[in-house]
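Visitor: You'll find upload-v2.tsv just under this line, and it carries TSV, N, CA and C atoms.
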```
chain	number	residue	atom	x	y	z
H	10	MET	N	-13.20	9.47	-10.03
H	10	MET	CA	-12.17	8.66	-9.41
H	10	MET	C	-11.06	9.55	-8.88
H	11	LYS	N	-10.52	9.19	-7.72
H	11	LYS	CA	-9.36	9.86	-7.16
H	11	LYS	C	-8.17	8.91	-7.23
H	12	ARG	N	-6.99	9.49	-7.28
H	12	ARG	CA	-5.76	8.69	-7.31
H	12	ARG	C	-4.81	9.21	-6.23
H	13	TYR	N	-4.28	8.29	-5.47
H	13	TYR	CA	-3.28	8.60	-4.44
H	13	TYR	C	-2.02	7.81	-4.77
H	14	CYS	N	-0.88	8.48	-4.68
H	14	CYS	CA	0.40	7.82	-4.91
H	14	CYS	C	1.22	7.92	-3.63
H	15	GLN	N	1.86	6.82	-3.29
H	15	GLN	CA	2.62	6.76	-2.05
H	15	GLN	C	3.95	6.07	-2.30
H	16	THR	N	4.88	6.28	-1.38
H	16	THR	CA	6.19	5.66	-1.49
H	16	THR	C	6.62	5.09	-0.15
H	17	LEU	N	7.47	4.08	-0.22
H	17	LEU	CA	8.01	3.42	0.96
H	17	LEU	C	9.33	2.77	0.56
H	18	ARG	N	10.27	2.71	1.48
H	18	ARG	CA	11.56	2.05	1.23
H	18	ARG	C	11.63	0.77	2.05
H	19	LEU	N	11.93	-0.33	1.37
H	19	LEU	CA	12.08	-1.62	2.03
H	19	LEU	C	13.42	-1.72	2.75
H	20	VAL	N	13.52	-2.70	3.64
H	20	VAL	CA	14.78	-2.95	4.34
H	20	VAL	C	15.83	-3.36	3.32
H	21	ASP	N	17.08	-3.14	3.64
H	21	ASP	CA	18.20	-3.42	2.73
H	21	ASP	C	18.64	-4.88	2.89
H	22	ASP	N	17.81	-5.79	2.42
H	22	ASP	CA	18.07	-7.22	2.50
H	22	ASP	C	17.40	-7.88	1.30
H	23	GLU	N	18.20	-8.34	0.36
H	23	GLU	CA	17.66	-8.86	-0.90
H	23	GLU	C	16.70	-10.03	-0.68
H	24	GLN	N	16.99	-10.90	0.28
H	24	GLN	CA	16.08	-12.03	0.54
H	24	GLN	C	14.74	-11.54	1.06
H	25	LEU	N	14.76	-10.57	1.96
H	25	LEU	CA	13.49	-10.02	2.46
H	25	LEU	C	12.72	-9.30	1.35
H	26	ILE	N	13.43	-8.64	0.46
H	26	ILE	CA	12.76	-7.99	-0.67
H	26	ILE	C	12.08	-9.03	-1.55
H	27	GLN	N	12.78	-10.12	-1.83
H	27	GLN	CA	12.17	-11.18	-2.64
H	27	GLN	C	10.99	-11.81	-1.91
H	28	ASP	N	11.10	-11.97	-0.59
H	28	ASP	CA	9.99	-12.51	0.20
H	28	ASP	C	8.79	-11.56	0.14
H	29	TYR	N	9.06	-10.26	0.19
H	29	TYR	CA	7.98	-9.26	0.11
H	29	TYR	C	7.25	-9.36	-1.22
H	30	ILE	N	8.01	-9.52	-2.27
H	30	ILE	CA	7.41	-9.69	-3.61
H	30	ILE	C	6.54	-10.94	-3.63
H	31	GLU	N	7.04	-12.02	-3.08
H	31	GLU	CA	6.29	-13.28	-3.06
H	31	GLU	C	5.01	-13.15	-2.23
H	32	VAL	N	5.09	-12.49	-1.10
H	32	VAL	CA	3.91	-12.27	-0.25
H	32	VAL	C	2.82	-11.55	-1.05
H	33	HIS	N	3.22	-10.62	-1.89
H	33	HIS	CA	2.23	-9.86	-2.65
H	33	HIS	C	1.69	-10.62	-3.86
H	34	ARG	N	2.22	-11.76	-4.13
H	34	ARG	CA	1.62	-12.64	-5.14
H	34	ARG	C	0.45	-13.43	-4.55
H	35	HIS	N	0.34	-13.38	-3.22
H	35	HIS	CA	-0.69	-14.15	-2.50
H	35	HIS	C	-1.31	-13.31	-1.40
H	36	VAL	N	-1.74	-12.10	-1.73
H	36	VAL	CA	-2.36	-11.22	-0.74
H	36	VAL	C	-3.62	-11.89	-0.21
H	37	TRP	N	-3.80	-11.82	1.09
H	37	TRP	CA	-4.95	-12.45	1.72
H	37	TRP	C	-6.25	-11.85	1.17
H	38	PRO	N	-7.23	-12.67	0.90
H	38	PRO	CA	-8.49	-12.18	0.32
H	38	PRO	C	-9.16	-11.10	1.18
H	39	GLU	N	-9.05	-11.20	2.49
H	39	GLU	CA	-9.67	-10.21	3.38
H	39	GLU	C	-9.07	-8.82	3.17
H	40	ILE	N	-7.81	-8.76	2.75
H	40	ILE	CA	-7.14	-7.48	2.53
H	40	ILE	C	-7.75	-6.79	1.30
H	41	ILE	N	-7.87	-7.54	0.23
H	41	ILE	CA	-8.48	-7.00	-0.99
H	41	ILE	C	-9.94	-6.62	-0.74
H	42	GLN	N	-10.66	-7.47	-0.02
H	42	GLN	CA	-12.06	-7.20	0.29
H	42	GLN	C	-12.18	-5.91	1.11
H	43	GLY	N	-11.31	-5.72	2.08
H	43	GLY	CA	-11.32	-4.51	2.90
H	43	GLY	C	-11.05	-3.27	2.08
H	44	GLN	N	-10.11	-3.37	1.15
H	44	GLN	CA	-9.82	-2.24	0.27
H	44	GLN	C	-11.07	-1.83	-0.50
H	45	ARG	N	-11.74	-2.81	-1.06
H	45	ARG	CA	-12.96	-2.51	-1.83
H	45	ARG	C	-14.04	-1.89	-0.94
H	46	GLU	N	-14.14	-2.41	0.29
H	46	GLU	CA	-15.16	-1.94	1.22
H	46	GLU	C	-15.00	-0.46	1.55
H	47	VAL	N	-13.76	0.02	1.64
H	47	VAL	CA	-13.55	1.43	1.99
H	47	VAL	C	-13.48	2.34	0.77
H	48	GLY	N	-13.52	1.76	-0.44
H	48	GLY	CA	-13.55	2.59	-1.64
H	48	GLY	C	-12.30	2.59	-2.49
H	49	ILE	N	-11.36	1.68	-2.20
H	49	ILE	CA	-10.18	1.55	-3.06
H	49	ILE	C	-10.57	0.63	-4.20
H	50	ILE	N	-10.59	1.18	-5.40
H	50	ILE	CA	-11.00	0.44	-6.59
H	50	ILE	C	-9.87	-0.46	-7.06
H	51	ASN	N	-8.66	0.09	-7.07
H	51	ASN	CA	-7.50	-0.65	-7.56
H	51	ASN	C	-6.27	-0.15	-6.83
H	52	MET	N	-5.37	-1.08	-6.52
H	52	MET	CA	-4.10	-0.73	-5.90
H	52	MET	C	-3.00	-1.46	-6.66
H	53	GLN	N	-1.95	-0.72	-6.99
H	53	GLN	CA	-0.79	-1.30	-7.66
H	53	GLN	C	0.46	-0.88	-6.91
H	54	ILE	N	1.44	-1.80	-6.83
H	54	ILE	CA	2.72	-1.46	-6.22
H	54	ILE	C	3.81	-1.78	-7.23
H	55	TYR	N	4.72	-0.82	-7.41
H	55	TYR	CA	5.87	-0.98	-8.30
H	55	TYR	C	7.13	-0.89	-7.45
H	56	ARG	N	8.21	-1.53	-7.93
H	56	ARG	CA	9.46	-1.54	-7.19
H	56	ARG	C	10.64	-1.17	-8.07
H	57	LYS	N	11.55	-0.40	-7.53
H	57	LYS	CA	12.87	-0.16	-8.11
H	57	LYS	C	13.85	-0.31	-6.96
H	58	ASN	N	14.60	-1.39	-6.99
H	58	ASN	CA	15.52	-1.72	-5.91
H	58	ASN	C	14.74	-1.80	-4.59
H	59	ARG	N	15.05	-0.94	-3.62
H	59	ARG	CA	14.36	-0.95	-2.32
H	59	ARG	C	13.16	-0.02	-2.28
H	60	ASP	N	12.99	0.80	-3.29
H	60	ASP	CA	11.93	1.81	-3.28
H	60	ASP	C	10.65	1.27	-3.91
H	61	LEU	N	9.55	1.47	-3.18
H	61	LEU	CA	8.24	1.06	-3.66
H	61	LEU	C	7.42	2.30	-4.00
H	62	PHE	N	6.56	2.13	-4.99
H	62	PHE	CA	5.65	3.19	-5.42
H	62	PHE	C	4.26	2.57	-5.52
H	63	MET	N	3.31	3.09	-4.79
H	63	MET	CA	1.96	2.55	-4.77
H	63	MET	C	1.00	3.55	-5.41
H	64	ILE	N	0.12	3.03	-6.24
H	64	ILE	CA	-0.95	3.82	-6.84
H	64	ILE	C	-2.26	3.25	-6.32
H	65	CYS	N	-3.09	4.11	-5.74
H	65	CYS	CA	-4.42	3.72	-5.27
H	65	CYS	C	-5.46	4.55	-6.01
H	66	ASP	N	-6.28	3.88	-6.77
H	66	ASP	CA	-7.42	4.54	-7.40
H	66	ASP	C	-8.63	4.28	-6.53
H	67	THR	N	-9.38	5.35	-6.23
H	67	THR	CA	-10.48	5.25	-5.28
H	67	THR	C	-11.76	5.85	-5.85
H	68	VAL	N	-12.83	5.62	-5.14
H	68	VAL	CA	-14.10	6.24	-5.49
H	68	VAL	C	-13.99	7.75	-5.25
H	69	ASP	N	-14.89	8.50	-5.87
H	69	ASP	CA	-14.83	9.96	-5.79
H	69	ASP	C	-14.95	10.51	-4.38
H	70	ASP	N	-15.73	9.87	-3.53
H	70	ASP	CA	-15.93	10.42	-2.18
H	70	ASP	C	-14.94	9.85	-1.16
H	71	PHE	N	-13.89	9.21	-1.62
H	71	PHE	CA	-12.86	8.67	-0.73
H	71	PHE	C	-12.16	9.81	0.00
H	72	ASP	N	-12.07	9.69	1.30
H	72	ASP	CA	-11.34	10.65	2.13
H	72	ASP	C	-10.16	9.88	2.71
H	73	PHE	N	-8.95	10.27	2.35
H	73	PHE	CA	-7.77	9.47	2.68
H	73	PHE	C	-7.68	9.17	4.17
H	74	ARG	N	-7.71	10.17	5.01
H	74	ARG	CA	-7.56	9.94	6.46
H	74	ARG	C	-8.70	9.10	7.02
H	75	ARG	N	-9.91	9.46	6.69
H	75	ARG	CA	-11.08	8.74	7.22
H	75	ARG	C	-11.09	7.29	6.77
H	76	ASP	N	-10.92	7.08	5.47
H	76	ASP	CA	-11.08	5.73	4.93
H	76	ASP	C	-9.89	4.83	5.21
H	77	MET	N	-8.70	5.39	5.30
H	77	MET	CA	-7.54	4.56	5.69
H	77	MET	C	-7.66	4.17	7.16
H	78	ALA	N	-8.18	5.06	7.99
H	78	ALA	CA	-8.41	4.73	9.40
H	78	ALA	C	-9.45	3.62	9.51
H	79	ARG	N	-10.48	3.70	8.70
H	79	ARG	CA	-11.52	2.65	8.68
H	79	ARG	C	-10.93	1.33	8.20
H	80	LEU	N	-10.12	1.38	7.16
H	80	LEU	CA	-9.49	0.17	6.64
H	80	LEU	C	-8.71	-0.54	7.73
H	81	ALA	N	-8.01	0.21	8.57
H	81	ALA	CA	-7.19	-0.37	9.63
H	81	ALA	C	-8.00	-1.17	10.63
H	82	THR	N	-9.31	-0.93	10.70
H	82	THR	CA	-10.16	-1.64	11.67
H	82	THR	C	-10.79	-2.90	11.09
H	83	LEU	N	-10.63	-3.14	9.83
H	83	LEU	CA	-11.31	-4.27	9.18
H	83	LEU	C	-10.58	-5.59	9.44
H	84	PRO	N	-11.28	-6.71	9.28
H	84	PRO	CA	-10.71	-8.03	9.60
H	84	PRO	C	-9.36	-8.30	8.93
H	85	ARG	N	-8.43	-8.72	9.74
H	85	ARG	CA	-7.08	-9.15	9.37
H	85	ARG	C	-6.16	-8.03	8.91
H	86	GLN	N	-6.66	-6.80	8.83
H	86	GLN	CA	-5.83	-5.70	8.33
H	86	GLN	C	-4.65	-5.44	9.26
H	87	ALA	N	-4.88	-5.37	10.57
H	87	ALA	CA	-3.78	-5.14	11.52
H	87	ALA	C	-2.78	-6.28	11.45
H	88	GLU	N	-3.28	-7.50	11.31
H	88	GLU	CA	-2.40	-8.67	11.19
H	88	GLU	C	-1.54	-8.57	9.94
H	89	TRP	N	-2.14	-8.16	8.82
H	89	TRP	CA	-1.39	-7.97	7.57
H	89	TRP	C	-0.32	-6.91	7.72
H	90	GLU	N	-0.69	-5.76	8.31
H	90	GLU	CA	0.26	-4.67	8.49
H	90	GLU	C	1.44	-5.12	9.35
H	91	ALA	N	1.17	-5.87	10.41
H	91	ALA	CA	2.25	-6.37	11.26
H	91	ALA	C	3.11	-7.38	10.49
H	92	TYR	N	2.49	-8.20	9.67
H	92	TYR	CA	3.21	-9.21	8.90
H	92	TYR	C	4.17	-8.58	7.89
H	93	VAL	N	3.72	-7.58	7.15
H	93	VAL	CA	4.58	-6.99	6.12
H	93	VAL	C	5.56	-5.96	6.70
H	94	ALA	N	5.37	-5.56	7.95
H	94	ALA	CA	6.26	-4.57	8.57
H	94	ALA	C	7.71	-5.05	8.61
H	95	ARG	N	7.93	-6.35	8.73
H	95	ARG	CA	9.32	-6.86	8.80
H	95	ARG	C	10.07	-6.61	7.49
H	96	PHE	N	9.37	-6.55	6.39
H	96	PHE	CA	10.00	-6.26	5.10
H	96	PHE	C	10.22	-4.75	4.93
H	97	GLN	N	9.36	-3.99	5.57
H	97	GLN	CA	9.35	-2.55	5.40
H	97	GLN	C	10.24	-1.83	6.42
H	98	GLY	N	10.73	-2.55	7.41
H	98	GLY	CA	11.56	-1.93	8.43
H	98	GLY	C	10.80	-0.94	9.28
H	99	CYS	N	9.52	-1.22	9.51
H	99	CYS	CA	8.64	-0.29	10.24
H	99	CYS	C	8.18	-0.94	11.54
H	100	ASP	N	7.65	-0.11	12.41
H	100	ASP	CA	7.02	-0.58	13.63
H	100	ASP	C	5.82	-1.43	13.24
H	101	PRO	N	5.76	-2.69	13.70
H	101	PRO	CA	4.64	-3.57	13.32
H	101	PRO	C	3.27	-3.05	13.72
H	102	SER	N	3.21	-2.17	14.71
H	102	SER	CA	1.92	-1.65	15.14
H	102	SER	C	1.54	-0.36	14.40
H	103	ALA	N	2.42	0.14	13.56
H	103	ALA	CA	2.14	1.39	12.83
H	103	ALA	C	1.09	1.15	11.75
H	104	PRO	N	0.14	2.07	11.62
H	104	PRO	CA	-0.85	1.93	10.54
H	104	PRO	C	-0.20	2.18	9.18
H	105	SER	N	-0.85	1.67	8.15
H	105	SER	CA	-0.32	1.77	6.79
H	105	SER	C	0.00	3.21	6.40
H	106	ASP	N	-0.89	4.15	6.76
H	106	ASP	CA	-0.66	5.53	6.32
H	106	ASP	C	0.47	6.22	7.07
H	107	SER	N	1.02	5.56	8.09
H	107	SER	CA	2.23	6.08	8.75
H	107	SER	C	3.49	5.58	8.05
H	108	LYS	N	3.39	4.42	7.42
H	108	LYS	CA	4.54	3.83	6.75
H	108	LYS	C	4.66	4.32	5.31
H	109	TRP	N	3.56	4.27	4.61
H	109	TRP	CA	3.52	4.72	3.22
H	109	TRP	C	3.33	6.23	3.22
H	110	GLN	N	4.20	6.94	2.54
H	110	GLN	CA	4.16	8.40	2.52
H	110	GLN	C	3.48	8.89	1.24
H	111	LEU	N	2.47	9.75	1.42
H	111	LEU	CA	1.78	10.32	0.27
H	111	LEU	C	2.74	11.18	-0.55
H	112	MET	N	2.60	11.12	-1.85
H	112	MET	CA	3.43	11.91	-2.75
H	112	MET	C	2.59	13.05	-3.32
H	113	GLU	N	3.26	14.12	-3.65
H	113	GLU	CA	2.61	15.28	-4.25
H	113	GLU	C	2.70	15.19	-5.77
H	114	GLN	N	1.57	15.33	-6.42
H	114	GLN	CA	1.56	15.36	-7.88
H	114	GLN	C	2.11	16.70	-8.36
H	115	ILE	N	3.06	16.65	-9.27
H	115	ILE	CA	3.64	17.89	-9.79
H	115	ILE	C	3.41	18.07	-11.29
H	116	PHE	N	2.88	17.04	-11.97
H	116	PHE	CA	2.64	17.15	-13.41
H	116	PHE	C	1.54	16.18	-13.81
H	117	ASP	N	0.69	16.61	-14.72
H	117	ASP	CA	-0.35	15.78	-15.31
H	117	ASP	C	-0.55	16.24	-16.74
H	118	SER	N	-0.13	15.44	-17.70
H	118	SER	CA	-0.22	15.84	-19.11
H	118	SER	C	-1.67	15.98	-19.58
H	119	GLY	N	-2.59	15.38	-18.84
H	119	GLY	CA	-4.00	15.47	-19.21
H	119	GLY	C	-4.63	16.80	-18.87
H	120	THR	N	-3.95	17.61	-18.07
H	120	THR	CA	-4.50	18.91	-17.70
H	120	THR	C	-3.73	20.06	-18.30
H	121	ASN	N	-2.71	19.78	-19.09
H	121	ASN	CA	-1.89	20.85	-19.71
H	121	ASN	C	-2.25	21.03	-21.17
```
Would you kindly transcribe this structure into structure tokens?
Guide:
Amino acid sequence: MKRYCQTLRLVDDEQLIQDYIEVHRHVWPEIIQGQREVGIINMQIYRKNRDLFMICDTVDDFDFRRDMARLATLPRQAEWEAYVARFQGCDPSAPSDSKWQLMEQIFDSGTN
């Protein structure tokens, strides 16, 4: 399994932040299905104020650039990205991997 961690900052509007949280309580089934199809086993998003932290656990042969590009072509994915862009303060046509920034792992207690 591979793990990717990403970060994103939401717009500075408490109502939009609450709306974003609510939207993620009802993620469209096609979005979850698309994630599974490209090899994302599990995705979690955490929030502290406006800052989001996403953890993506993937299959071993997951290639971030290739598979995220493939994900963007799957049914309703572009529509979802445009829909959540208003909460993220991003260009609605921007792909997910342009909005969410990959983080560098600097510590792992399991390898020390």
Visitor: Between atom C of H:Tyr29 and atom CA of H:Glu113, what is the distance, to one decimal in Å?
Guide: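 Distance between the two atoms: 25.3 Å.
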Visitor: Give me, please, the distance in Å between atom CA of H:Met10 and atom C of H:Glu39, quoted to one decimal.
Guide: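 Between atom CA of H:Met10 and atom C of H:Glu39 the gap is 21.8 Å.
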Visitor: Find the residues near H:Met63: any atom within 5 Å, counting only N, CA and C atoms, skip ones fewer than 3 places away on the same chain, and give them as a PyMOL selection string.
Guide: chain H and resi 14-16+53-55
Visitor: Please, what distance in Å, to one decimal, runs between atom C of H:Met77 and atom C of H:Val47?
Guide: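 That distance, rounded to one decimal, is 8.8 Å.
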Visitor: Could you pull the residues within 8 Å of H:Gly48, counting all atoms listed in the file, minus those fewer than 6 positions along the same chain, as a PDB file with N, CA and C atoms, in the frame of the given file?
Guide:
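Written out: result-v4.pdb:
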```
ATOM      1  N   GLN H  42     -10.660  -7.470  -0.020  1.00  0.00           N
ATOM      2  CA  GLN H  42     -12.060  -7.200   0.290  1.00  0.00           C
ATOM      3  C   GLN H  42     -12.180  -5.910   1.110  1.00  0.00           C
ATOM      4  N   CYS H  65      -3.090   4.110  -5.740  1.00  0.00           N
ATOM      5  CA  CYS H  65      -4.420   3.720  -5.270  1.00  0.00           C
ATOM      6  C   CYS H  65      -5.460   4.550  -6.010  1.00  0.00           C
ATOM      7  N   ASP H  66      -6.280   3.880  -6.770  1.00  0.00           N
ATOM      8  CA  ASP H  66      -7.420   4.540  -7.400  1.00  0.00           C
ATOM      9  C   ASP H  66      -8.630   4.280  -6.530  1.00  0.00           C
ATOM     10  N   THR H  67      -9.380   5.350  -6.230  1.00  0.00           N
ATOM     11  CA  THR H  67     -10.480   5.250  -5.280  1.00  0.00           C
ATOM     12  C   THR H  67     -11.760   5.850  -5.850  1.00  0.00           C
ATOM     13  N   VAL H  68     -12.830   5.620  -5.140  1.00  0.00           N
ATOM     14  CA  VAL H  68     -14.100   6.240  -5.490  1.00  0.00           C
ATOM     15  C   VAL H  68     -13.990   7.750  -5.250  1.00  0.00           C
ATOM     16  N   ASP H  69     -14.890   8.500  -5.870  1.00  0.00           N
ATOM     17  CA  ASP H  69     -14.830   9.960  -5.790  1.00  0.00           C
ATOM     18  C   ASP H  69     -14.950  10.510  -4.380  1.00  0.00           C
ATOM     19  N   ASP H  70     -15.730   9.870  -3.530  1.00  0.00           N
ATOM     20  CA  ASP H  70     -15.930  10.420  -2.180  1.00  0.00           C
ATOM     21  C   ASP H  70     -14.940   9.850  -1.160  1.00  0.00           C
ATOM     22  N   PHE H  71     -13.890   9.210  -1.620  1.00  0.00           N
ATOM     23  CA  PHE H  71     -12.860   8.670  -0.730  1.00  0.00           C
ATOM     24  C   PHE H  71     -12.160   9.810   0.000  1.00  0.00           C
ATOM     25  N   ASP H  72     -12.070   9.690   1.300  1.00  0.00           N
ATOM     26  CA  ASP H  72     -11.340  10.650   2.130  1.00  0.00           C
ATOM     27  C   ASP H  72     -10.160   9.880   2.710  1.00  0.00           C
ATOM     28  N   ASP H  76     -10.920   7.080   5.470  1.00  0.00           N
ATOM     29  CA  ASP H  76     -11.080   5.730   4.930  1.00  0.00           C
ATOM     30  C   ASP H  76      -9.890   4.830   5.210  1.00  0.00           C
TER      31      ASP H  76
END
```
Visitor: List every residue of stretch 33-104 of chain H that DSSP, applied to the backbone, labels as strand (DSSP E), and write the result as a PyMOL selection string.
Guide: chain H and resi 49-57+60-67
Visitor: Around stretch 47-62 of chain H, fit a box with edges along x, y and z, padding it by 8 Å on each side, then list its centre and edge lengths in Å to one decimal as lines of an AutoDock Vina configuration file.
Guide:
```
center_x = 0.9
center_y = 0.7
center_z = -3.2
size_x = 45.3
size_y = 21.0
size_z = 26.3
```
Visitor: Residues within 12 Å of stretch 85-102 of chain H, please, as a count of residues only. Count only C-alpha atoms; anything in the same chain fewer than 6 positions from it doesn't count.
Guide: 36
Visitor: Using only C-alpha atoms, pick whichever of H:Tyr13, H:Asp117, H:Thr82, H:Lys57 has the shortest atom-to-atom distance to H:Pro104.
Guide: H:Thr82
Visitor: Dump N, CA, C and O atoms of stretch 44-56 of chain H from the given block, as a PDB file, in the first residue's frame.
Guide:
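This went into part.pdb:
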```pdb
ATOM      1  N   GLN H  44     -12.681   6.635  -7.456  1.00  0.00           N
ATOM      2  CA  GLN H  44     -11.481   6.496  -6.632  1.00  0.00           C
ATOM      3  C   GLN H  44     -11.049   5.033  -6.574  1.00  0.00           C
ATOM      4  O   GLN H  44      -9.860   4.720  -6.746  1.00  0.00           O
ATOM      5  N   ARG H  45     -11.998   4.165  -6.331  1.00  0.00           N
ATOM      6  CA  ARG H  45     -11.677   2.728  -6.244  1.00  0.00           C
ATOM      7  C   ARG H  45     -11.136   2.213  -7.584  1.00  0.00           C
ATOM      8  O   ARG H  45     -10.208   1.414  -7.620  1.00  0.00           O
ATOM      9  N   GLU H  46     -11.748   2.700  -8.675  1.00  0.00           N
ATOM     10  CA  GLU H  46     -11.364   2.243 -10.002  1.00  0.00           C
ATOM     11  C   GLU H  46      -9.900   2.562 -10.326  1.00  0.00           C
ATOM     12  O   GLU H  46      -9.227   1.777 -10.988  1.00  0.00           O
ATOM     13  N   VAL H  47      -9.402   3.702  -9.852  1.00  0.00           N
ATOM     14  CA  VAL H  47      -8.020   4.072 -10.156  1.00  0.00           C
ATOM     15  C   VAL H  47      -7.027   3.569  -9.117  1.00  0.00           C
ATOM     16  O   VAL H  47      -5.825   3.749  -9.275  1.00  0.00           O
ATOM     17  N   GLY H  48      -7.519   2.960  -8.036  1.00  0.00           N
ATOM     18  CA  GLY H  48      -6.609   2.372  -7.049  1.00  0.00           C
ATOM     19  C   GLY H  48      -6.534   3.077  -5.716  1.00  0.00           C
ATOM     20  O   GLY H  48      -5.664   2.764  -4.899  1.00  0.00           O
ATOM     21  N   ILE H  49      -7.435   4.031  -5.464  1.00  0.00           N
ATOM     22  CA  ILE H  49      -7.484   4.661  -4.141  1.00  0.00           C
ATOM     23  C   ILE H  49      -8.330   3.760  -3.252  1.00  0.00           C
ATOM     24  O   ILE H  49      -9.520   3.577  -3.485  1.00  0.00           O
ATOM     25  N   ILE H  50      -7.695   3.183  -2.254  1.00  0.00           N
ATOM     26  CA  ILE H  50      -8.364   2.254  -1.350  1.00  0.00           C
ATOM     27  C   ILE H  50      -9.204   3.012  -0.333  1.00  0.00           C
ATOM     28  O   ILE H  50     -10.335   2.646  -0.019  1.00  0.00           O
ATOM     29  N   ASN H  51      -8.633   4.076   0.205  1.00  0.00           N
ATOM     30  CA  ASN H  51      -9.318   4.859   1.235  1.00  0.00           C
ATOM     31  C   ASN H  51      -8.838   6.298   1.145  1.00  0.00           C
ATOM     32  O   ASN H  51      -7.663   6.560   0.894  1.00  0.00           O
ATOM     33  N   MET H  52      -9.770   7.223   1.357  1.00  0.00           N
ATOM     34  CA  MET H  52      -9.435   8.641   1.387  1.00  0.00           C
ATOM     35  C   MET H  52     -10.090   9.239   2.627  1.00  0.00           C
ATOM     36  O   MET H  52     -11.263   8.982   2.895  1.00  0.00           O
ATOM     37  N   GLN H  53      -9.307  10.019   3.359  1.00  0.00           N
ATOM     38  CA  GLN H  53      -9.820  10.714   4.538  1.00  0.00           C
ATOM     39  C   GLN H  53      -9.419  12.180   4.442  1.00  0.00           C
ATOM     40  O   GLN H  53      -8.321  12.490   3.974  1.00  0.00           O
ATOM     41  N   ILE H  54     -10.322  13.065   4.896  1.00  0.00           N
ATOM     42  CA  ILE H  54     -10.007  14.487   4.945  1.00  0.00           C
ATOM     43  C   ILE H  54     -10.230  14.966   6.373  1.00  0.00           C
ATOM     44  O   ILE H  54     -11.264  14.685   6.976  1.00  0.00           O
ATOM     45  N   TYR H  55      -9.240  15.692   6.891  1.00  0.00           N
ATOM     46  CA  TYR H  55      -9.314  16.286   8.226  1.00  0.00           C
ATOM     47  C   TYR H  55      -9.263  17.798   8.068  1.00  0.00           C
ATOM     48  O   TYR H  55      -8.690  18.315   7.110  1.00  0.00           O
ATOM     49  N   ARG H  56      -9.838  18.512   9.047  1.00  0.00           N
ATOM     50  CA  ARG H  56      -9.877  19.968   8.986  1.00  0.00           C
ATOM     51  C   ARG H  56      -9.425  20.597  10.290  1.00  0.00           C
ATOM     52  O   ARG H  56      -9.752  20.118  11.375  1.00  0.00           O
TER      53      ARG H  56
END
```
